[in-house]
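Asker: Coordinates in my_file.txt, compact mmCIF, C-alpha atoms, are listed below.
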```
# COMPACT_ATOMS: atom_id res chain seq x y z
CA MET A 598 -29.55 3.24 -3.90
CA LEU A 599 -25.92 2.16 -4.13
CA ASP A 600 -25.17 4.06 -0.91
CA LYS A 601 -27.86 2.12 0.95
CA PHE A 602 -26.54 -1.15 -0.45
CA MET A 603 -22.97 -0.31 0.58
CA ASP A 604 -24.14 0.76 4.05
CA LYS A 605 -26.01 -2.53 4.45
CA LEU A 606 -23.01 -4.47 3.17
CA MET A 607 -20.63 -2.73 5.58
CA GLU A 608 -23.05 -3.21 8.46
CA SER A 609 -23.33 -6.91 7.66
CA ALA A 610 -19.57 -7.33 7.42
CA ALA A 611 -18.98 -5.46 10.67
CA SER A 612 -21.52 -7.55 12.55
CA ALA A 613 -19.97 -10.74 11.19
CA TYR A 614 -16.39 -9.83 12.10
CA LEU A 615 -16.99 -7.77 15.25
CA PRO A 616 -16.97 -10.65 17.78
CA ARG A 617 -13.72 -12.01 16.35
CA LEU A 618 -12.11 -8.57 16.30
CA GLU A 619 -13.15 -7.98 19.91
CA GLN A 620 -11.67 -11.35 20.88
CA MET A 621 -8.40 -10.52 19.09
CA ALA A 622 -8.25 -7.12 20.79
CA GLU A 623 -8.75 -8.67 24.23
CA ALA A 624 -6.04 -11.27 23.57
CA ARG A 625 -3.63 -8.57 22.43
CA LYS A 626 -4.48 -6.42 25.45
CA ALA A 627 -3.73 -9.35 27.79
CA GLU A 628 -0.44 -10.03 25.98
CA LEU A 629 0.64 -6.40 26.32
CA ALA A 630 -0.33 -6.29 30.00
CA GLU A 631 1.72 -9.43 30.61
CA MET A 632 4.76 -7.92 28.91
CA LYS A 633 4.34 -4.65 30.81
CA ALA A 634 4.43 -6.59 34.08
CA LYS A 635 7.72 -8.19 33.02
CA VAL A 636 9.52 -4.99 32.04
CA ARG A 637 11.28 -4.68 35.39
CA THR A 638 11.27 -8.30 36.53
CA ASN A 639 12.42 -9.96 33.30
CA PRO A 640 13.68 -7.38 30.80
CA GLU A 641 15.43 -10.02 28.66
CA GLN A 642 12.14 -11.78 28.02
CA VAL A 643 10.48 -8.49 27.11
CA GLU A 644 13.29 -7.63 24.72
CA ALA A 645 13.03 -11.06 23.08
CA TRP A 646 9.27 -10.59 22.74
CA PHE A 647 9.76 -7.22 21.03
CA ASP A 648 12.36 -8.74 18.72
CA LYS A 649 9.88 -11.49 17.77
CA GLU A 650 7.09 -8.96 17.13
CA ILE A 651 9.40 -6.78 15.01
CA GLU A 652 10.54 -9.83 13.04
CA LYS A 653 6.91 -10.85 12.39
CA LEU A 654 6.20 -7.39 10.96
CA GLY A 655 9.38 -7.47 8.92
CA ASN A 656 8.41 -10.80 7.37
CA MET A 657 4.79 -9.84 6.72
CA ASP A 658 3.72 -9.70 3.10
CA VAL A 659 0.98 -7.06 3.00
CA LYS A 660 -0.21 -8.19 -0.42
CA ASP A 661 -0.66 -11.74 0.88
CA VAL A 662 -2.64 -10.45 3.87
CA LEU A 663 -4.92 -8.42 1.60
CA ASP A 664 -5.42 -11.40 -0.68
CA LYS A 665 -6.51 -13.51 2.31
CA VAL A 666 -8.90 -10.78 3.48
CA ASN A 667 -10.40 -10.53 0.00
CA ALA A 668 -10.70 -14.33 -0.22
CA THR A 669 -12.71 -14.50 3.01
CA ALA A 670 -14.80 -11.40 2.32
CA GLY A 671 -17.45 -13.46 0.57
CA ILE A 672 -18.04 -15.72 3.55
```
Using the file provided, produce a representation of the structure as structure tokens.

Answerer:
Amino acid sequence: MLDKFMDKLMESAASAYLPRLEQMAEARKAELAEMKAKVRTNPEQVEAWFDKEIEKLGNMDVKDVLDKVNATAGI
């Protein structure tokens, strides 16, 4: 019984978040394609972009991210 409940819960969560996740994936794909096009034409801009992305990951607090995910899980 608990397995069925968990399956239903996961299915519900996936259907609620799937459109947003697909949208985020498409945006990221477009961003990466744009940077790939600039590798040869504007390498300084690509390097700056990578530096910014690396800095974002370096400043990320995983615990804070998980807390936000848990806070919105009941929506």

Asker: What does the structure give for the distance between CA of Met603 (chain A) and CA of Asp658 (chain A), in Å to one decimal?

Answerer: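 Going from CA of Met603 (chain A) over to CA of Asp658 (chain A), I get 28.4 Å.
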
Asker: Tell me, counting only C-alpha atoms, for each residue of region 605-631 of chain A within 12 Å of region 641-648 of chain A, which pair of atoms is nearest and how far apart they are in Å to one decimal, in rows ordered by chain and increasing number, as JSON lines.

Answerer:
```
{"residue": "A:Glu628", "atom": "CA", "partner": "A:Trp646", "partner_atom": "CA", "distance": 10.3}
{"residue": "A:Leu629", "atom": "CA", "partner": "A:Val643", "partner_atom": "CA", "distance": 10.1}
{"residue": "A:Ala630", "atom": "CA", "partner": "A:Val643", "partner_atom": "CA", "distance": 11.4}
{"residue": "A:Glu631", "atom": "CA", "partner": "A:Val643", "partner_atom": "CA", "distance": 9.5}
```

Asker: What does the distance between CA of Met607 (chain A) and CA of Met621 (chain A) come to in Å, to one decimal place?

Answerer: 19.8 Å

Asker: So what do you get for CA of Lys649 (chain A) versus CA of Met632 (chain A), distance-wise?

Answerer: 12.8 Å
